[in-house]
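**Student:** Pasting coords.tsv below, which is TSV, C-alpha atoms.
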chain	number	residue	atom	x	y	z
A	1	MET	CA	55.54	13.17	10.49
A	2	ARG	CA	55.95	10.01	8.46
A	3	LYS	CA	54.27	7.97	11.23
A	4	LYS	CA	51.34	10.39	11.33
A	5	THR	CA	50.89	10.21	7.55
A	6	ARG	CA	51.03	6.41	7.59
A	7	ARG	CA	48.53	6.26	10.48
A	8	LEU	CA	46.22	8.65	8.64
A	9	ALA	CA	46.50	6.61	5.43
A	10	THR	CA	45.77	3.42	7.37
A	11	THR	CA	42.77	5.04	9.05
A	12	VAL	CA	41.43	6.30	5.71
A	13	ALA	CA	41.94	2.89	4.07
A	14	ALA	CA	40.27	1.08	6.97
A	15	SER	CA	37.38	3.54	6.91
A	16	ALA	CA	36.95	3.08	3.17
A	17	LEU	CA	37.06	-0.70	3.55
A	18	LEU	CA	34.55	-0.58	6.39
A	19	ALA	CA	32.25	1.76	4.46
A	20	GLY	CA	32.52	-0.44	1.39
A	21	GLY	CA	31.87	-3.52	3.48
A	22	LEU	CA	28.86	-1.95	5.13
A	23	GLY	CA	27.61	-0.85	1.74
A	24	TYR	CA	27.94	-4.41	0.54
A	25	LEU	CA	26.09	-5.74	3.58
A	26	ALA	CA	23.34	-3.14	3.19
A	27	THR	CA	22.64	-3.99	-0.44
A	28	PRO	CA	20.01	-6.74	0.19
A	29	ALA	CA	18.12	-4.50	2.60
A	30	MET	CA	18.00	-1.87	-0.09
A	31	ALA	CA	16.46	-4.27	-2.63
A	32	TYR	CA	13.10	-2.54	-2.35
A	33	THR	CA	10.85	-1.82	-5.31
A	34	GLU	CA	7.43	-0.16	-5.26
A	35	LYS	CA	5.03	0.73	-8.06
A	36	CYS	CA	1.75	2.52	-7.43
A	37	THR	CA	-1.28	3.69	-9.31
A	38	SER	CA	-2.33	7.31	-9.24
A	39	TYR	CA	-5.04	8.13	-6.72
A	40	GLN	CA	-8.39	6.80	-7.92
A	41	ASP	CA	-11.36	8.93	-6.91
A	42	THR	CA	-15.07	8.46	-6.44
A	43	THR	CA	-17.87	10.33	-4.73
A	44	ILE	CA	-20.66	8.22	-3.25
A	45	GLY	CA	-24.11	9.67	-2.58
A	46	THR	CA	-24.89	8.93	1.07
A	47	PRO	CA	-27.35	10.19	3.70
A	48	GLY	CA	-26.47	13.79	4.53
A	49	THR	CA	-23.28	14.78	2.74
A	50	ASN	CA	-21.70	12.70	0.00
A	51	VAL	CA	-18.50	10.79	0.78
A	52	SER	CA	-15.46	11.40	-1.43
A	53	VAL	CA	-12.88	8.61	-1.45
A	54	HIS	CA	-9.35	8.64	-2.92
A	55	ILE	CA	-7.33	5.39	-3.05
A	56	LYS	CA	-4.03	4.39	-4.60
A	57	LEU	CA	-2.76	0.82	-4.81
A	58	CYS	CA	0.90	-0.17	-4.53
A	59	ILE	CA	2.84	-3.37	-5.07
A	60	VAL	CA	6.00	-3.65	-3.01
A	61	ALA	CA	8.82	-6.14	-3.54
A	62	SER	CA	11.40	-6.58	-0.80
A	63	GLY	CA	13.46	-9.50	0.43
A	64	GLY	CA	11.69	-12.09	-1.74
A	65	TYR	CA	8.20	-10.99	-0.71
A	66	HIS	CA	5.53	-9.13	-2.68
A	67	GLN	CA	2.96	-7.08	-0.79
A	68	ALA	CA	-0.19	-5.28	-1.93
A	69	VAL	CA	-0.96	-2.07	-0.04
A	70	ALA	CA	-3.67	0.56	-0.47
A	71	TYR	CA	-3.42	4.13	0.80
A	72	GLY	CA	-6.44	6.38	0.91
A	73	THR	CA	-8.33	9.31	2.30
A	74	PHE	CA	-11.99	10.19	2.58
A	75	SER	CA	-14.05	13.27	3.38
A	76	GLY	CA	-17.76	13.79	4.00
A	77	GLY	CA	-18.06	11.02	6.58
A	78	GLY	CA	-19.61	11.21	10.03
A	79	GLY	CA	-22.85	12.99	10.77
A	80	THR	CA	-25.98	12.02	12.66
A	81	THR	CA	-26.88	9.15	10.30
A	82	ASP	CA	-24.49	6.36	9.31
A	83	LYS	CA	-23.18	6.65	5.74
A	84	PHE	CA	-22.61	2.94	5.16
A	85	ASP	CA	-23.87	-0.41	6.36
A	86	ASN	CA	-20.61	-1.78	4.97
A	87	PHE	CA	-17.41	-0.35	3.46
A	88	ASP	CA	-14.70	-2.96	2.83
A	89	LEU	CA	-11.47	-2.46	0.90
A	90	LYS	CA	-9.93	-5.65	-0.47
A	91	VAL	CA	-6.35	-5.73	-1.77
A	92	ARG	CA	-4.83	-8.59	-3.73
A	93	VAL	CA	-1.32	-9.69	-4.66
A	94	GLU	CA	-1.44	-11.06	-8.18
A	95	ARG	CA	1.03	-12.52	-10.64
A	96	TYR	CA	-0.11	-12.27	-14.24
A	97	ASP	CA	-3.69	-11.79	-12.92
A	98	SER	CA	-3.62	-14.99	-10.81
A	99	VAL	CA	-4.43	-14.18	-7.18
A	100	TYR	CA	-1.76	-15.23	-4.67
A	101	ASP	CA	-3.14	-13.56	-1.52
A	102	THR	CA	-5.91	-11.18	-0.42
A	103	HIS	CA	-6.55	-9.00	2.60
A	104	THR	CA	-9.75	-7.13	3.49
A	105	CYS	CA	-10.01	-4.04	5.69
A	106	ASP	CA	-13.36	-2.86	7.07
A	107	PHE	CA	-13.58	0.94	7.18
A	108	THR	CA	-17.32	1.15	7.91
A	109	ASN	CA	-16.93	2.51	11.45
A	110	LEU	CA	-14.07	4.83	10.49
A	111	ILE	CA	-16.17	6.56	7.83
A	112	ASN	CA	-19.42	6.54	9.82
A	113	ASN	CA	-17.74	8.13	12.86
A	114	ASN	CA	-15.30	10.64	11.31
A	115	SER	CA	-15.75	13.53	8.91
A	116	SER	CA	-12.42	12.76	7.20
A	117	SER	CA	-9.37	10.58	7.68
A	118	ALA	CA	-6.47	8.84	6.01
A	119	PHE	CA	-6.32	5.04	6.00
A	120	SER	CA	-4.22	2.18	4.70
A	121	CYS	CA	-4.83	-1.48	4.04
A	122	GLY	CA	-2.15	-4.04	3.37
A	123	TRP	CA	-0.58	-7.32	4.34
A	124	ALA	CA	-1.70	-9.28	1.30
A	125	VAL	CA	1.70	-10.96	0.90
A	126	SER	CA	3.27	-13.58	-1.32
A	127	GLY	CA	6.59	-15.18	-0.43
A	128	SER	CA	6.90	-16.81	-3.84
A	129	SER	CA	10.38	-16.92	-5.37
A	130	LEU	CA	8.90	-16.47	-8.86
A	131	ASN	CA	10.06	-13.34	-10.66
A	132	TYR	CA	8.26	-10.85	-12.90
A	133	GLY	CA	4.60	-10.08	-13.42
A	134	TRP	CA	3.65	-9.11	-9.83
A	135	SER	CA	0.95	-6.49	-9.28
A	136	ALA	CA	-1.57	-5.24	-6.73
A	137	ASP	CA	-5.26	-5.04	-7.47
A	138	GLY	CA	-8.29	-4.27	-5.36
A	139	ALA	CA	-11.92	-3.35	-4.97
A	140	VAL	CA	-14.19	-1.54	-2.54
A	141	ASN	CA	-17.40	-3.33	-1.58
A	142	TYR	CA	-19.87	-0.95	0.01
A	143	ASP	CA	-23.53	-0.80	0.99
A	144	ILE	CA	-25.06	2.66	1.41
A	145	ASN	CA	-27.15	3.03	4.54
A	146	LEU	CA	-30.91	3.46	3.99
A	147	ASP	CA	-30.87	3.23	0.18
A	148	GLY	CA	-32.41	-0.27	0.02
A	149	LEU	CA	-30.28	-1.20	-3.02
A	150	GLY	CA	-27.85	-3.65	-1.42
A	151	GLY	CA	-24.11	-3.82	-1.96
A	152	LYS	CA	-22.10	-2.26	-4.76
A	153	THR	CA	-18.52	-2.72	-5.93
A	154	TRP	CA	-15.97	-0.12	-7.02
A	155	ASN	CA	-13.23	-2.01	-8.89
A	156	LEU	CA	-9.87	-0.28	-8.64
A	157	THR	CA	-7.31	-0.21	-11.44
A	158	GLY	CA	-4.33	-2.43	-10.64
A	159	THR	CA	-0.72	-1.37	-10.44
A	160	PRO	CA	1.91	-1.77	-13.12
A	161	THR	CA	3.86	-5.03	-12.74
A	162	ILE	CA	7.19	-5.41	-11.00
A	163	TYR	CA	9.75	-8.22	-10.90
Any chance you could put this one into structure tokens?

**Tutor:**
Amino acid sequence: MRKKTRRLATTVAASALLAGGLGYLATPAMAYTEKCTSYQDTTIGTPGTNVSVHIKLCIVASGGYHQAVAYGTFSGGGGTTDKFDNFDLKVRVERYDSVYDTHTCDFTNLINNNSSSAFSCGWAVSGSSLNYGWSADGAVNYDINLDGLGGKTWNLTGTPTIY
């Protein structure tokens, strides 16, 4: 009985040590921080039905990198006539309003060919070791088909800052 108790105690101690060790090793991978805006909404008058767009911006910090990502949805796309000549979403990684990286995603075909969809745009990344003051910002540049007015910009509200 004594041998069994000692073996059980050894097994429990080894398991606790292993779990603690794995927890220690997993800590850097868990160093993930994300701050997002609320969804920002607009409805754009286009040929046929109007297009409603909802976008939120996020800044993500993980492993010494900072990434700007946008998540969105739209409805009212598609139809027999194109809605847009151009619909680009640009995301930026900023530190204290200085731009470190940008990435642009073209959603013109997605909106012109689908009645609704979700989308995301990211990969604006900074590998800077500087801490504090990081945020994501962005804008949508669009040109409504057949309106003859040229391009317009919808400036999005940036995220709160993270480390």

**Student:** Counting all atoms listed in the file, figure out which residue out of A:Gly148, A:Gly122, A:Gly72, A:Gly127 gets nearest to Thr37 of chain A.

**Tutor:** A:Gly72

**Student:** So how many Å separate atom CA of Thr43 of chain A and atom CA of Leu57 of chain A, to one decimal?

**Tutor:** 17.9 Å

**Student:** Suppose you want the space between atom CA of Gly77 of chain A and atom CA of Ser115 of chain A; what is it in Å?

**Tutor:**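 Between atom CA of Gly77 of chain A and atom CA of Ser115 of chain A the gap is 4.1 Å.
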
**Student:** When you count only C-alpha atoms, which of these residues is closest to Thr49 of chain A: A:Tyr71, A:Glu34, A:Asn112, A:His66?

**Tutor:**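 Ranking A:Tyr71, A:Glu34, A:Asn112, A:His66 by distance to Thr49 of chain A, first place goes to A:Asn112.
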
**Student:** With a distance cut-off of 9 Å and all atoms listed in the file, select the neighbouring residues of Phe119 of chain A, excluding the residue or stretch itself and same-chain residues fewer than 2 positions from it, and output the selection as a PDB file with C-alpha atoms, in the frame of the given file.

**Tutor:**
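Output below, filename out_25.pdb:
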ATOM      1  CA  ALA A  70      -3.670   0.560  -0.470  1.00  0.00           C
ATOM      2  CA  TYR A  71      -3.420   4.130   0.800  1.00  0.00           C
ATOM      3  CA  GLY A  72      -6.440   6.380   0.910  1.00  0.00           C
ATOM      4  CA  THR A  73      -8.330   9.310   2.300  1.00  0.00           C
ATOM      5  CA  PHE A  74     -11.990  10.190   2.580  1.00  0.00           C
ATOM      6  CA  PHE A 107     -13.580   0.940   7.180  1.00  0.00           C
ATOM      7  CA  LEU A 110     -14.070   4.830  10.490  1.00  0.00           C
ATOM      8  CA  SER A 117      -9.370  10.580   7.680  1.00  0.00           C
ATOM      9  CA  CYS A 121      -4.830  -1.480   4.040  1.00  0.00           C
TER      10      CYS A 121
END

**Student:** By how many Å are atom CA of Arg92 of chain A and atom CA of Asp137 of chain A apart?

**Tutor:**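 Separating atom CA of Arg92 of chain A from atom CA of Asp137 of chain A is a distance of 5.2 Å.
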
**Student:** A:Asn141, A:Ser120, A:Ser52, A:Ser62: which is nearest Tyr163 of chain A, counting all atoms listed in the file?

**Tutor:** A:Ser62

**Student:** Please, which residues are within 10 Å of (-9.4, -6.2, 5.3) by the file's coordinates, counting only C-alpha atoms, and could they come as a PyMOL selection string?

**Tutor:** chain A and resi 88-91+102-107+120-124

**Student:** Rank A:Tyr100, A:Ala31, A:Ser135, A:Leu146 by their smallest atom-to-atom distance to Asp82 of chain A, using only C-alpha atoms, and report the top residue only.

**Tutor:**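 Going through A:Tyr100, A:Ala31, A:Ser135, A:Leu146 one by one, the smallest distance to Asp82 of chain A is for A:Leu146.
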
**Student:** Of the candidates A:Asn86, A:Gln67, A:Gln40, A:Thr161, which shows the shortest atom-to-atom distance to Ile55 of chain A, using all atoms listed in the file?

**Tutor:** A:Gln40

**Student:** Could you give me, as a ChimeraX atom specification, the residues within 10 Å of Ser38 of chain A, counting only C-alpha atoms and dropping anything in the same chain fewer than 6 positions from it?

**Tutor:** /A:54-58,157,159

**Student:** Might I get the box with edges along x, y and z of the file that holds all atoms of segment 36-47 of chain A listed there, padded by 5 Å on every side, given as centre and edge lengths in Å to one decimal, as JSON?

**Tutor:**
{"center_x": -12.8, "center_y": 6.4, "center_z": -2.8, "size_x": 39.1, "size_y": 17.8, "size_z": 23.0}

**Student:** With distances taken over only C-alpha atoms, which residue among A:Thr108, A:Ser126, A:Thr153, A:Thr81 lies nearest Thr42 of chain A?

**Tutor:**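 Counting only C-alpha atoms, the residue closest to Thr42 of chain A is A:Thr153.
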
**Student:** Please provide the set of residues having any atom within 10 Å of segment 128-134 of chain A, restricted to all atoms listed in the file, with same-chain residues fewer than 5 positions apart removed, written as an mmCIF file with C-alpha atoms, keeping the file's coordinate frame.

**Tutor:**
data_model
loop_
_atom_site.group_PDB
_atom_site.id
_atom_site.type_symbol
_atom_site.label_atom_id
_atom_site.label_comp_id
_atom_site.auth_asym_id
_atom_site.auth_seq_id
_atom_site.Cartn_x
_atom_site.Cartn_y
_atom_site.Cartn_z
ATOM 1 C CA ILE A 59 2.840 -3.370 -5.070
ATOM 2 C CA VAL A 60 6.000 -3.650 -3.010
ATOM 3 C CA ALA A 61 8.820 -6.140 -3.540
ATOM 4 C CA GLY A 63 13.460 -9.500 0.430
ATOM 5 C CA GLY A 64 11.690 -12.090 -1.740
ATOM 6 C CA TYR A 65 8.200 -10.990 -0.710
ATOM 7 C CA HIS A 66 5.530 -9.130 -2.680
ATOM 8 C CA GLN A 67 2.960 -7.080 -0.790
ATOM 9 C CA ALA A 68 -0.190 -5.280 -1.930
ATOM 10 C CA VAL A 93 -1.320 -9.690 -4.660
ATOM 11 C CA GLU A 94 -1.440 -11.060 -8.180
ATOM 12 C CA ARG A 95 1.030 -12.520 -10.640
ATOM 13 C CA TYR A 96 -0.110 -12.270 -14.240
ATOM 14 C CA ASP A 97 -3.690 -11.790 -12.920
ATOM 15 C CA SER A 98 -3.620 -14.990 -10.810
ATOM 16 C CA VAL A 99 -4.430 -14.180 -7.180
ATOM 17 C CA TYR A 100 -1.760 -15.230 -4.670
ATOM 18 C CA THR A 159 -0.720 -1.370 -10.440
ATOM 19 C CA PRO A 160 1.910 -1.770 -13.120
ATOM 20 C CA THR A 161 3.860 -5.030 -12.740
ATOM 21 C CA ILE A 162 7.190 -5.410 -11.000
ATOM 22 C CA TYR A 163 9.750 -8.220 -10.900
#

**Student:** Output requested as a PDB file, in the coordinates of the input - segment 37-56 of chain A, filled out with N, CA and C atoms.

**Tutor:**
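The result, written out as part_38.pdb:
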ATOM      1  N   THR A  37      -0.372   3.005  -8.405  1.00  0.00           N
ATOM      2  CA  THR A  37      -1.280   3.690  -9.310  1.00  0.00           C
ATOM      3  C   THR A  37      -1.349   5.152  -8.876  1.00  0.00           C
ATOM      4  N   SER A  38      -1.957   5.971  -9.685  1.00  0.00           N
ATOM      5  CA  SER A  38      -2.330   7.310  -9.240  1.00  0.00           C
ATOM      6  C   SER A  38      -3.512   7.140  -8.288  1.00  0.00           C
ATOM      7  N   TYR A  39      -3.841   8.203  -7.561  1.00  0.00           N
ATOM      8  CA  TYR A  39      -5.040   8.130  -6.720  1.00  0.00           C
ATOM      9  C   TYR A  39      -6.265   7.969  -7.607  1.00  0.00           C
ATOM     10  N   GLN A  40      -7.128   7.047  -7.224  1.00  0.00           N
ATOM     11  CA  GLN A  40      -8.390   6.800  -7.920  1.00  0.00           C
ATOM     12  C   GLN A  40      -9.495   7.388  -7.057  1.00  0.00           C
ATOM     13  N   ASP A  41     -10.387   8.139  -7.663  1.00  0.00           N
ATOM     14  CA  ASP A  41     -11.360   8.930  -6.910  1.00  0.00           C
ATOM     15  C   ASP A  41     -12.787   8.529  -7.245  1.00  0.00           C
ATOM     16  N   THR A  42     -13.632   8.601  -6.228  1.00  0.00           N
ATOM     17  CA  THR A  42     -15.070   8.460  -6.440  1.00  0.00           C
ATOM     18  C   THR A  42     -15.791   9.263  -5.372  1.00  0.00           C
ATOM     19  N   THR A  43     -16.986   9.686  -5.698  1.00  0.00           N
ATOM     20  CA  THR A  43     -17.870  10.330  -4.730  1.00  0.00           C
ATOM     21  C   THR A  43     -19.138   9.496  -4.669  1.00  0.00           C
ATOM     22  N   ILE A  44     -19.519   9.111  -3.457  1.00  0.00           N
ATOM     23  CA  ILE A  44     -20.660   8.220  -3.250  1.00  0.00           C
ATOM     24  C   ILE A  44     -21.770   9.012  -2.568  1.00  0.00           C
ATOM     25  N   GLY A  45     -22.949   8.999  -3.173  1.00  0.00           N
ATOM     26  CA  GLY A  45     -24.110   9.670  -2.580  1.00  0.00           C
ATOM     27  C   GLY A  45     -24.581   8.915  -1.353  1.00  0.00           C
ATOM     28  N   THR A  46     -24.508   9.557  -0.201  1.00  0.00           N
ATOM     29  CA  THR A  46     -24.890   8.930   1.070  1.00  0.00           C
ATOM     30  C   THR A  46     -25.826   9.846   1.837  1.00  0.00           C
ATOM     31  N   PRO A  47     -26.484   9.336   2.878  1.00  0.00           N
ATOM     32  CA  PRO A  47     -27.350  10.190   3.700  1.00  0.00           C
ATOM     33  C   PRO A  47     -26.577  11.411   4.217  1.00  0.00           C
ATOM     34  N   GLY A  48     -27.173  12.568   4.132  1.00  0.00           N
ATOM     35  CA  GLY A  48     -26.470  13.790   4.530  1.00  0.00           C
ATOM     36  C   GLY A  48     -25.530  14.216   3.419  1.00  0.00           C
ATOM     37  N   THR A  49     -24.266  14.398   3.753  1.00  0.00           N
ATOM     38  CA  THR A  49     -23.280  14.780   2.740  1.00  0.00           C
ATOM     39  C   THR A  49     -22.768  13.551   1.989  1.00  0.00           C
ATOM     40  N   ASN A  50     -22.315  13.771   0.765  1.00  0.00           N
ATOM     41  CA  ASN A  50     -21.700  12.700   0.000  1.00  0.00           C
ATOM     42  C   ASN A  50     -20.300  12.406   0.532  1.00  0.00           C
ATOM     43  N   VAL A  51     -19.834  11.187   0.330  1.00  0.00           N
ATOM     44  CA  VAL A  51     -18.500  10.790   0.780  1.00  0.00           C
ATOM     45  C   VAL A  51     -17.578  10.713  -0.442  1.00  0.00           C
ATOM     46  N   SER A  52     -16.480  11.454  -0.382  1.00  0.00           N
ATOM     47  CA  SER A  52     -15.460  11.400  -1.430  1.00  0.00           C
ATOM     48  C   SER A  52     -14.317  10.515  -0.948  1.00  0.00           C
ATOM     49  N   VAL A  53     -13.913   9.573  -1.806  1.00  0.00           N
ATOM     50  CA  VAL A  53     -12.880   8.610  -1.450  1.00  0.00           C
ATOM     51  C   VAL A  53     -11.776   8.655  -2.501  1.00  0.00           C
ATOM     52  N   HIS A  54     -10.526   8.608  -2.052  1.00  0.00           N
ATOM     53  CA  HIS A  54      -9.350   8.640  -2.920  1.00  0.00           C
ATOM     54  C   HIS A  54      -8.438   7.500  -2.486  1.00  0.00           C
ATOM     55  N   ILE A  55      -8.129   6.571  -3.396  1.00  0.00           N
ATOM     56  CA  ILE A  55      -7.330   5.390  -3.050  1.00  0.00           C
ATOM     57  C   ILE A  55      -6.275   5.159  -4.116  1.00  0.00           C
ATOM     58  N   LYS A  56      -5.054   4.865  -3.669  1.00  0.00           N
ATOM     59  CA  LYS A  56      -4.030   4.390  -4.600  1.00  0.00           C
ATOM     60  C   LYS A  56      -3.559   3.024  -4.128  1.00  0.00           C
TER      61      LYS A  56
END
